[in-house]
>>> print(open('work_35.pdb').read())   # PDB, N, CA and C atoms
ATOM      1  N   MET A   1       0.835  -1.169   0.000
ATOM      2  CA  MET A   1       0.000   0.000   0.000
ATOM      3  C   MET A   1       0.884   1.238   0.000
ATOM      4  N   GLU A   2       0.475   2.252  -0.777
ATOM      5  CA  GLU A   2       1.253   3.482  -0.856
ATOM      6  C   GLU A   2       0.657   4.555   0.037
ATOM      7  N   PHE A   3       1.541   5.361   0.620
ATOM      8  CA  PHE A   3       1.152   6.439   1.522
ATOM      9  C   PHE A   3       1.982   7.668   1.204
ATOM     10  N   THR A   4       1.457   8.823   1.596
ATOM     11  CA  THR A   4       2.153  10.087   1.447
ATOM     12  C   THR A   4       2.423  10.634   2.837
ATOM     13  N   VAL A   5       3.645  11.121   3.050
ATOM     14  CA  VAL A   5       4.017  11.644   4.369
ATOM     15  C   VAL A   5       4.969  12.818   4.184
ATOM     16  N   SER A   6       4.876  13.797   5.098
ATOM     17  CA  SER A   6       5.805  14.921   5.093
ATOM     18  C   SER A   6       6.142  15.297   6.531
ATOM     19  N   ALA A   7       7.123  16.148   6.684
ATOM     20  CA  ALA A   7       7.529  16.582   8.021
ATOM     21  C   ALA A   7       6.420  17.363   8.711
ATOM     22  N   THR A   8       5.531  17.973   7.941
ATOM     23  CA  THR A   8       4.434  18.735   8.545
ATOM     24  C   THR A   8       3.422  17.830   9.241
ATOM     25  N   ASP A   9       3.483  16.529   8.985
ATOM     26  CA  ASP A   9       2.577  15.585   9.643
ATOM     27  C   ASP A   9       2.885  15.419  11.126
ATOM     28  N   LEU A  10       3.998  15.958  11.590
ATOM     29  CA  LEU A  10       4.382  15.812  12.993
ATOM     30  C   LEU A  10       3.400  16.471  13.948
ATOM     31  N   ALA A  11       2.604  17.403  13.466
ATOM     32  CA  ALA A  11       1.638  18.084  14.331
ATOM     33  C   ALA A  11       0.603  17.116  14.896
ATOM     34  N   ASN A  12       0.408  15.988  14.245
ATOM     35  CA  ASN A  12      -0.642  15.042  14.640
ATOM     36  C   ASN A  12      -0.105  13.690  15.104
ATOM     37  N   ILE A  13       1.125  13.643  15.616
ATOM     38  CA  ILE A  13       1.683  12.336  15.977
ATOM     39  C   ILE A  13       1.366  11.938  17.407
ATOM     40  N   GLN A  14       1.431  10.639  17.626
ATOM     41  CA  GLN A  14       1.334  10.066  18.961
ATOM     42  C   GLN A  14       2.570   9.196  19.142
ATOM     43  N   LEU A  15       3.229   9.349  20.274
ATOM     44  CA  LEU A  15       4.443   8.577  20.504
ATOM     45  C   LEU A  15       4.163   7.127  20.862
ATOM     46  N   ASN A  16       3.026   6.848  21.442
ATOM     47  CA  ASN A  16       2.692   5.477  21.833
ATOM     48  C   ASN A  16       1.711   4.867  20.841
ATOM     49  N   GLU A  17       2.000   5.008  19.572
ATOM     50  CA  GLU A  17       1.109   4.552  18.506
ATOM     51  C   GLU A  17       1.042   3.027  18.488
ATOM     52  N   SER A  18      -0.173   2.493  18.486
ATOM     53  CA  SER A  18      -0.341   1.042  18.440
ATOM     54  C   SER A  18      -0.606   0.546  17.015
ATOM     55  N   ASP A  19      -1.025   1.425  16.128
ATOM     56  CA  ASP A  19      -1.260   1.069  14.729
ATOM     57  C   ASP A  19       0.089   1.077  13.999
ATOM     58  N   ARG A  20       0.465  -0.050  13.430
ATOM     59  CA  ARG A  20       1.788  -0.201  12.814
ATOM     60  C   ARG A  20       1.998   0.755  11.634
ATOM     61  N   VAL A  21       0.991   0.959  10.801
ATOM     62  CA  VAL A  21       1.119   1.871   9.660
ATOM     63  C   VAL A  21       1.332   3.295  10.159
ATOM     64  N   LYS A  22       0.553   3.715  11.137
ATOM     65  CA  LYS A  22       0.714   5.059  11.688
ATOM     66  C   LYS A  22       2.085   5.226  12.327
ATOM     67  N   GLU A  23       2.586   4.173  12.947
ATOM     68  CA  GLU A  23       3.920   4.209  13.545
ATOM     69  C   GLU A  23       4.986   4.414  12.463
ATOM     70  N   ILE A  24       4.868   3.703  11.353
ATOM     71  CA  ILE A  24       5.827   3.841  10.259
ATOM     72  C   ILE A  24       5.743   5.243   9.657
ATOM     73  N   LEU A  25       4.533   5.744   9.435
ATOM     74  CA  LEU A  25       4.351   7.090   8.887
ATOM     75  C   LEU A  25       4.931   8.141   9.829
ATOM     76  N   ARG A  26       4.731   7.966  11.126
ATOM     77  CA  ARG A  26       5.304   8.883  12.121
ATOM     78  C   ARG A  26       6.818   8.863  12.041
ATOM     79  N   ASN A  27       7.408   7.677  11.965
ATOM     80  CA  ASN A  27       8.858   7.558  11.921
ATOM     81  C   ASN A  27       9.441   8.242  10.688
ATOM     82  N   VAL A  28       8.783   8.107   9.548
ATOM     83  CA  VAL A  28       9.253   8.771   8.333
ATOM     84  C   VAL A  28       9.139  10.287   8.486
ATOM     85  N   ALA A  29       8.049  10.780   9.068
ATOM     86  CA  ALA A  29       7.895  12.222   9.291
ATOM     87  C   ALA A  29       8.984  12.752  10.212
ATOM     88  N   VAL A  30       9.335  11.995  11.234
ATOM     89  CA  VAL A  30      10.406  12.405  12.150
ATOM     90  C   VAL A  30      11.742  12.449  11.413
ATOM     91  N   ILE A  31      12.005  11.479  10.567
ATOM     92  CA  ILE A  31      13.243  11.470   9.781
ATOM     93  C   ILE A  31      13.321  12.722   8.915
ATOM     94  N   LEU A  32      12.213  13.054   8.239
ATOM     95  CA  LEU A  32      12.196  14.213   7.342
ATOM     96  C   LEU A  32      12.375  15.533   8.092
ATOM     97  N   ALA A  33      11.971  15.574   9.346
ATOM     98  CA  ALA A  33      12.026  16.817  10.123
ATOM     99  C   ALA A  33      13.309  16.972  10.933
ATOM    100  N   THR A  34      14.143  15.944  10.977
ATOM    101  CA  THR A  34      15.322  15.965  11.852
ATOM    102  C   THR A  34      16.602  16.170  11.049
ATOM    103  N   PRO A  35      17.278  17.297  11.250
ATOM    104  CA  PRO A  35      18.577  17.481  10.586
ATOM    105  C   PRO A  35      19.617  16.520  11.158
ATOM    106  N   LYS A  36      20.369  15.901  10.276
ATOM    107  CA  LYS A  36      21.440  14.996  10.700
ATOM    108  C   LYS A  36      22.412  15.774  11.584
ATOM    109  N   GLY A  37      22.789  15.158  12.698
ATOM    110  CA  GLY A  37      23.718  15.789  13.624
ATOM    111  C   GLY A  37      23.054  16.560  14.746
ATOM    112  N   SER A  38      21.719  16.637  14.742
ATOM    113  CA  SER A  38      21.025  17.449  15.740
ATOM    114  C   SER A  38      20.547  16.665  16.963
ATOM    115  N   VAL A  39      20.666  15.344  16.936
ATOM    116  CA  VAL A  39      20.205  14.529  18.051
ATOM    117  C   VAL A  39      21.428  14.115  18.891
ATOM    118  N   PRO A  40      21.550  14.655  20.112
ATOM    119  CA  PRO A  40      22.699  14.297  20.954
ATOM    120  C   PRO A  40      22.781  12.783  21.156
ATOM    121  N   MET A  41      23.990  12.263  21.125
ATOM    122  CA  MET A  41      24.286  10.839  21.324
ATOM    123  C   MET A  41      23.762   9.955  20.182
ATOM    124  N   TYR A  42      23.211  10.568  19.134
ATOM    125  CA  TYR A  42      22.644   9.820  18.014
ATOM    126  C   TYR A  42      22.837  10.659  16.756
ATOM    127  N   ARG A  43      24.053  11.163  16.570
ATOM    128  CA  ARG A  43      24.352  12.170  15.545
ATOM    129  C   ARG A  43      24.118  11.698  14.107
ATOM    130  N   SER A  44      24.125  10.422  13.866
ATOM    131  CA  SER A  44      23.932   9.955  12.492
ATOM    132  C   SER A  44      22.458   9.868  12.100
ATOM    133  N   PHE A  45      21.546  10.057  13.058
ATOM    134  CA  PHE A  45      20.116  10.003  12.762
ATOM    135  C   PHE A  45      19.676  11.276  12.052
ATOM    136  N   GLY A  46      18.776  11.138  11.116
ATOM    137  CA  GLY A  46      18.168  12.292  10.471
ATOM    138  C   GLY A  46      18.578  12.439   9.023
ATOM    139  N   LEU A  47      18.365  13.627   8.522
ATOM    140  CA  LEU A  47      18.503  13.914   7.111
ATOM    141  C   LEU A  47      19.635  14.905   6.870
ATOM    142  N   ASP A  48      20.507  14.581   5.935
ATOM    143  CA  ASP A  48      21.569  15.494   5.522
ATOM    144  C   ASP A  48      20.911  16.719   4.893
ATOM    145  N   MET A  49      21.119  17.879   5.492
ATOM    146  CA  MET A  49      20.440  19.102   5.057
ATOM    147  C   MET A  49      21.330  20.001   4.196
ATOM    148  N   SER A  50      22.275  19.424   3.462
ATOM    149  CA  SER A  50      23.173  20.239   2.648
ATOM    150  C   SER A  50      22.453  20.948   1.506
ATOM    151  N   PHE A  51      21.206  20.613   1.250
ATOM    152  CA  PHE A  51      20.424  21.248   0.191
ATOM    153  C   PHE A  51      19.769  22.552   0.644
ATOM    154  N   VAL A  52      19.837  22.856   1.942
ATOM    155  CA  VAL A  52      19.214  24.075   2.472
ATOM    156  C   VAL A  52      19.867  25.302   1.836
ATOM    157  N   ASP A  53      19.058  26.309   1.571
ATOM    158  CA  ASP A  53      19.481  27.583   0.975
ATOM    159  C   ASP A  53      19.883  27.469  -0.492
ATOM    160  N   LYS A  54      19.503  26.403  -1.128
ATOM    161  CA  LYS A  54      19.732  26.252  -2.565
ATOM    162  C   LYS A  54      18.434  26.593  -3.303
ATOM    163  N   PRO A  55      18.521  26.954  -4.590
ATOM    164  CA  PRO A  55      17.293  27.157  -5.370
ATOM    165  C   PRO A  55      16.457  25.878  -5.365
ATOM    166  N   MET A  56      15.152  26.043  -5.509
ATOM    167  CA  MET A  56      14.230  24.916  -5.353
ATOM    168  C   MET A  56      14.583  23.736  -6.257
ATOM    169  N   ASN A  57      14.885  23.970  -7.540
ATOM    170  CA  ASN A  57      15.188  22.845  -8.433
ATOM    171  C   ASN A  57      16.500  22.159  -8.033
ATOM    172  N   VAL A  58      17.466  22.920  -7.549
ATOM    173  CA  VAL A  58      18.735  22.343  -7.090
ATOM    174  C   VAL A  58      18.517  21.580  -5.785
ATOM    175  N   ALA A  59      17.734  22.188  -4.869
ATOM    176  CA  ALA A  59      17.461  21.536  -3.576
ATOM    177  C   ALA A  59      16.798  20.183  -3.766
ATOM    178  N   LYS A  60      15.829  20.111  -4.664
ATOM    179  CA  LYS A  60      15.149  18.829  -4.871
ATOM    180  C   LYS A  60      16.122  17.778  -5.385
ATOM    181  N   ASN A  61      16.941  18.158  -6.363
ATOM    182  CA  ASN A  61      17.906  17.192  -6.902
ATOM    183  C   ASN A  61      18.910  16.755  -5.849
ATOM    184  N   MET A  62      19.336  17.682  -5.003
ATOM    185  CA  MET A  62      20.309  17.343  -3.955
ATOM    186  C   MET A  62      19.686  16.521  -2.831
ATOM    187  N   ALA A  63      18.369  16.637  -2.624
ATOM    188  CA  ALA A  63      17.711  15.990  -1.492
ATOM    189  C   ALA A  63      17.227  14.576  -1.770
ATOM    190  N   VAL A  64      17.023  14.225  -3.008
ATOM    191  CA  VAL A  64      16.430  12.919  -3.332
ATOM    192  C   VAL A  64      17.220  11.768  -2.722
ATOM    193  N   ILE A  65      18.513  11.725  -2.954
ATOM    194  CA  ILE A  65      19.317  10.602  -2.459
ATOM    195  C   ILE A  65      19.397  10.592  -0.933
ATOM    196  N   PRO A  66      19.682  11.736  -0.259
ATOM    197  CA  PRO A  66      19.707  11.694   1.214
ATOM    198  C   PRO A  66      18.361  11.290   1.828
ATOM    199  N   VAL A  67      17.246  11.731   1.238
ATOM    200  CA  VAL A  67      15.928  11.350   1.763
ATOM    201  C   VAL A  67      15.735   9.851   1.612
ATOM    202  N   ARG A  68      16.000   9.331   0.437
ATOM    203  CA  ARG A  68      15.830   7.883   0.202
ATOM    204  C   ARG A  68      16.729   7.068   1.123
ATOM    205  N   GLU A  69      17.996   7.470   1.239
ATOM    206  CA  GLU A  69      18.933   6.726   2.089
ATOM    207  C   GLU A  69      18.544   6.797   3.564
ATOM    208  N   ALA A  70      18.076   7.949   4.035
ATOM    209  CA  ALA A  70      17.672   8.080   5.440
ATOM    210  C   ALA A  70      16.470   7.193   5.739
ATOM    211  N   ILE A  71      15.517   7.158   4.819
ATOM    212  CA  ILE A  71      14.337   6.299   5.023
ATOM    213  C   ILE A  71      14.758   4.836   5.019
ATOM    214  N   GLU A  72      15.616   4.452   4.078
ATOM    215  CA  GLU A  72      16.075   3.061   4.016
ATOM    216  C   GLU A  72      16.826   2.662   5.280
ATOM    217  N   GLU A  73      17.629   3.575   5.814
ATOM    218  CA  GLU A  73      18.427   3.244   6.998
ATOM    219  C   GLU A  73      17.594   3.228   8.275
ATOM    220  N   TRP A  74      16.753   4.242   8.465
ATOM    221  CA  TRP A  74      16.091   4.428   9.755
ATOM    222  C   TRP A  74      14.676   3.878   9.829
ATOM    223  N   GLU A  75      14.036   3.614   8.694
ATOM    224  CA  GLU A  75      12.711   2.987   8.712
ATOM    225  C   GLU A  75      12.620   2.023   7.542
ATOM    226  N   PRO A  76      13.275   0.862   7.674
ATOM    227  CA  PRO A  76      13.339  -0.096   6.563
ATOM    228  C   PRO A  76      11.994  -0.721   6.198
ATOM    229  N   ARG A  77      10.979  -0.552   7.037
ATOM    230  CA  ARG A  77       9.653  -1.073   6.698
ATOM    231  C   ARG A  77       8.974  -0.225   5.630
ATOM    232  N   ALA A  78       9.487   0.989   5.392
ATOM    233  CA  ALA A  78       8.944   1.878   4.371
ATOM    234  C   ALA A  78       9.855   1.860   3.154
ATOM    235  N   LYS A  79       9.281   1.735   1.998
ATOM    236  CA  LYS A  79      10.049   1.722   0.754
ATOM    237  C   LYS A  79       9.810   3.042   0.019
ATOM    238  N   TYR A  80      10.883   3.809  -0.181
ATOM    239  CA  TYR A  80      10.810   5.096  -0.870
ATOM    240  C   TYR A  80      10.332   4.898  -2.302
ATOM    241  N   LYS A  81       9.348   5.702  -2.726
ATOM    242  CA  LYS A  81       8.840   5.636  -4.094
ATOM    243  C   LYS A  81       9.119   6.918  -4.870
ATOM    244  N   ASP A  82       8.796   8.080  -4.277
ATOM    245  CA  ASP A  82       8.933   9.353  -4.976
ATOM    246  C   ASP A  82       8.900  10.490  -3.968
ATOM    247  N   MET A  83       9.291  11.675  -4.423
ATOM    248  CA  MET A  83       9.286  12.833  -3.540
ATOM    249  C   MET A  83       8.914  14.070  -4.335
ATOM    250  N   THR A  84       8.126  14.947  -3.725
ATOM    251  CA  THR A  84       7.833  16.247  -4.311
ATOM    252  C   THR A  84       8.291  17.316  -3.334
ATOM    253  N   LEU A  85       8.577  18.472  -3.866
ATOM    254  CA  LEU A  85       9.052  19.593  -3.081
ATOM    255  C   LEU A  85       8.168  20.777  -3.433
ATOM    256  N   ALA A  86       7.617  21.454  -2.419
ATOM    257  CA  ALA A  86       6.728  22.581  -2.677
ATOM    258  C   ALA A  86       6.965  23.676  -1.654
ATOM    259  N   LEU A  87       6.587  24.883  -2.021
ATOM    260  CA  LEU A  87       6.648  25.983  -1.077
ATOM    261  C   LEU A  87       5.533  25.814  -0.060
ATOM    262  N   ASP A  88       5.834  26.074   1.196
ATOM    263  CA  ASP A  88       4.850  25.982   2.267
ATOM    264  C   ASP A  88       3.984  27.240   2.225
ATOM    265  N   PRO A  89       2.673  27.119   1.919
ATOM    266  CA  PRO A  89       1.821  28.305   1.795
ATOM    267  C   PRO A  89       1.673  29.084   3.105
ATOM    268  N   SER A  90       1.826  28.412   4.234
ATOM    269  CA  SER A  90       1.681  29.087   5.525
ATOM    270  C   SER A  90       2.981  29.744   5.988
ATOM    271  N   ASN A  91       4.098  29.443   5.302
ATOM    272  CA  ASN A  91       5.392  29.975   5.696
ATOM    273  C   ASN A  91       6.212  30.270   4.432
ATOM    274  N   PRO A  92       6.022  31.461   3.837
ATOM    275  CA  PRO A  92       6.718  31.789   2.586
ATOM    276  C   PRO A  92       8.234  31.617   2.715
ATOM    277  N   GLY A  93       8.831  31.025   1.709
ATOM    278  CA  GLY A  93      10.264  30.789   1.701
ATOM    279  C   GLY A  93      10.662  29.436   2.256
ATOM    280  N   LYS A  94       9.722  28.729   2.860
ATOM    281  CA  LYS A  94      10.022  27.409   3.416
ATOM    282  C   LYS A  94       9.572  26.329   2.434
ATOM    283  N   LEU A  95      10.448  25.362   2.215
ATOM    284  CA  LEU A  95      10.127  24.253   1.331
ATOM    285  C   LEU A  95       9.642  23.060   2.147
ATOM    286  N   THR A  96       8.677  22.359   1.609
ATOM    287  CA  THR A  96       8.132  21.187   2.279
ATOM    288  C   THR A  96       8.308  19.970   1.380
ATOM    289  N   PHE A  97       8.905  18.917   1.947
ATOM    290  CA  PHE A  97       9.044  17.654   1.239
ATOM    291  C   PHE A  97       7.822  16.796   1.501
ATOM    292  N   THR A  98       7.320  16.190   0.448
ATOM    293  CA  THR A  98       6.276  15.190   0.578
ATOM    294  C   THR A  98       6.808  13.929  -0.089
ATOM    295  N   VAL A  99       6.829  12.851   0.673
ATOM    296  CA  VAL A  99       7.411  11.608   0.196
ATOM    297  C   VAL A  99       6.317  10.568   0.044
ATOM    298  N   GLN A 100       6.368   9.856  -1.080
ATOM    299  CA  GLN A 100       5.488   8.709  -1.277
ATOM    300  C   GLN A 100       6.287   7.477  -0.895
ATOM    301  N   ILE A 101       5.693   6.687  -0.004
ATOM    302  CA  ILE A 101       6.336   5.454   0.418
ATOM    303  C   ILE A 101       5.381   4.292   0.246
ATOM    304  N   GLU A 102       5.951   3.118   0.189
ATOM    305  CA  GLU A 102       5.147   1.896   0.113
ATOM    306  C   GLU A 102       5.425   1.082   1.375
ATOM    307  N   ILE A 103       4.361   0.571   1.967
ATOM    308  CA  ILE A 103       4.480  -0.301   3.119
ATOM    309  C   ILE A 103       3.924  -1.658   2.710
ATOM    310  N   GLU A 104       4.772  -2.666   2.807
ATOM    311  CA  GLU A 104       4.360  -4.022   2.416
ATOM    312  C   GLU A 104       3.210  -4.500   3.302
ATOM    313  N   ALA A 105       2.352  -5.316   2.754
ATOM    314  CA  ALA A 105       1.201  -5.826   3.500
ATOM    315  C   ALA A 105       1.626  -6.531   4.771
ATOM    316  N   GLY A 106       2.732  -7.243   4.738
ATOM    317  CA  GLY A 106       3.225  -7.938   5.928
ATOM    318  C   GLY A 106       3.659  -6.982   7.020
ATOM    319  N   ASP A 107       4.005  -5.748   6.634
ATOM    320  CA  ASP A 107       4.445  -4.743   7.610
ATOM    321  C   ASP A 107       3.288  -3.951   8.198
ATOM    322  N   THR A 108       2.067  -4.176   7.713
ATOM    323  CA  THR A 108       0.922  -3.428   8.209
ATOM    324  C   THR A 108       0.202  -4.138   9.332
ATOM    325  N   ALA A 109       0.547  -5.378   9.596
ATOM    326  CA  ALA A 109      -0.164  -6.137  10.628
ATOM    327  C   ALA A 109       0.320  -5.774  12.009
TER     328      ALA A 109
END
>>> encode(input="work_35.pdb", output="structure tokens")
Amino acid sequence: MEFTVSATDLANIQLNESDRVKEILRNVAVILATPKGSVPMYRSFGLDMSFVDKPMNVAKNMAVIPVREAIEEWEPRAKYKDMTLALDPSNPGKLTFTVQIEIEAGDTA
């Protein structure tokens, strides 16, 4: 099954999620929202943000591989499919990543 998730989904998360799909979606949203190196004692967690402050078309090209690799490393139950990059209408100048992922049926139980 395919799902769409972005870092903006963090506003609606629960840390003690019992639904496996929601747990996976939460984990992907946390990965997208966490700059690599920002978590004390866990510096390799998160997303390489070297694309920040680049033009939108350059940022998207620079972000595809780090986003895919971070999802593969930190949430292997989610399979990266595609990513879109858009301006955040509520915060001009801020880019928002939306990632399409696939969760295998065996991982949804």
>>> atom_distance(input="work_35.pdb", atom1="atom CA of A:Ala105", atom2="atom N of A:Leu47")
26.4 Å
>>> atom_distance(input="work_35.pdb", atom1="atom C of A:Ile101", atom2="atom C of A:Ala78")
5.9 Å
>>> closest_residue(input="work_35.pdb", among="A:Ser50, A:Arg26, A:Glu75, A:Arg43", to="A:Ile13", atoms="only N, CA and C atoms")
A:Arg26
>>> residues_near_point(input="work_35.pdb", point="(6.8, 7.5, -7.0)", cutoff="8 Å", atoms="all atoms listed in the file", output="list in words")
Tyr80, Lys81, Asp82, Met83, Val99, Gln100 and Ile101 of chain A
>>> write_last_selection(input="work_35.pdb", atoms="N, CA and C atoms", output="PDB file, keeping the file's coordinate frame")
ATOM      1  N   TYR A  80      10.883   3.809  -0.181  1.00  0.00           N
ATOM      2  CA  TYR A  80      10.810   5.096  -0.870  1.00  0.00           C
ATOM      3  C   TYR A  80      10.332   4.898  -2.302  1.00  0.00           C
ATOM      4  N   LYS A  81       9.348   5.702  -2.726  1.00  0.00           N
ATOM      5  CA  LYS A  81       8.840   5.636  -4.094  1.00  0.00           C
ATOM      6  C   LYS A  81       9.119   6.918  -4.870  1.00  0.00           C
ATOM      7  N   ASP A  82       8.796   8.080  -4.277  1.00  0.00           N
ATOM      8  CA  ASP A  82       8.933   9.353  -4.976  1.00  0.00           C
ATOM      9  C   ASP A  82       8.900  10.490  -3.968  1.00  0.00           C
ATOM     10  N   MET A  83       9.291  11.675  -4.423  1.00  0.00           N
ATOM     11  CA  MET A  83       9.286  12.833  -3.540  1.00  0.00           C
ATOM     12  C   MET A  83       8.914  14.070  -4.335  1.00  0.00           C
ATOM     13  N   VAL A  99       6.829  12.851   0.673  1.00  0.00           N
ATOM     14  CA  VAL A  99       7.411  11.608   0.196  1.00  0.00           C
ATOM     15  C   VAL A  99       6.317  10.568   0.044  1.00  0.00           C
ATOM     16  N   GLN A 100       6.368   9.856  -1.080  1.00  0.00           N
ATOM     17  CA  GLN A 100       5.488   8.709  -1.277  1.00  0.00           C
ATOM     18  C   GLN A 100       6.287   7.477  -0.895  1.00  0.00           C
ATOM     19  N   ILE A 101       5.693   6.687  -0.004  1.00  0.00           N
ATOM     20  CA  ILE A 101       6.336   5.454   0.418  1.00  0.00           C
ATOM     21  C   ILE A 101       5.381   4.292   0.246  1.00  0.00           C
TER      22      ILE A 101
END
>>> atom_distance(input="work_35.pdb", atom1="atom CA of A:Asp48", atom2="atom CA of A:Pro35")
6.2 Å
>>> closest_residue(input="work_35.pdb", among="A:Ala11, A:Met41, A:Val52, A:Leu32", to="A:Arg68", atoms="only C-alpha atoms")
A:Leu32
>>> closest_residue(input="work_35.pdb", among="A:Leu25, A:Ser6, A:Leu95, A:Glu102", to="A:Met56", atoms="only N, CA and C atoms")
A:Leu95
>>> select_by_dssp(input="work_35.pdb", residues="stretch 2-108 of chain A", states="alpha helix (DSSP H)", output="ChimeraX atom specification")
/A:20-33,56-74
>>> closest_residue(input="work_35.pdb", among="A:Ala33, A:Phe45, A:Val67, A:Glu104", to="A:Met1", atoms="only C-alpha atoms")
A:Glu104
>>> closest_residue(input="work_35.pdb", among="A:Asp19, A:Phe3, A:Pro89, A:Ser44", to="A:Glu69", atoms="only C-alpha atoms")
A:Ser44
>>> select_by_dssp(input="work_35.pdb", residues="chain A", states="strand (DSSP E)", output="ChimeraX atom specification")
/A:2-6,78-87,95-103
>>> axis_aligned_box(input="work_35.pdb", around="stretch 87-98 of chain A", padding_each_side="6 Å", output="AutoDock Vina command-line options")
--center_x 6.2 --center_y 22.9 --center_z 2.0 --size_x 21.0 --size_y 29.9 --size_z 20.0
>>> closest_residue(input="work_35.pdb", among="A:Val58, A:Ser90, A:Arg77, A:Gly46", to="A:Lys22", atoms="only C-alpha atoms")
A:Arg77
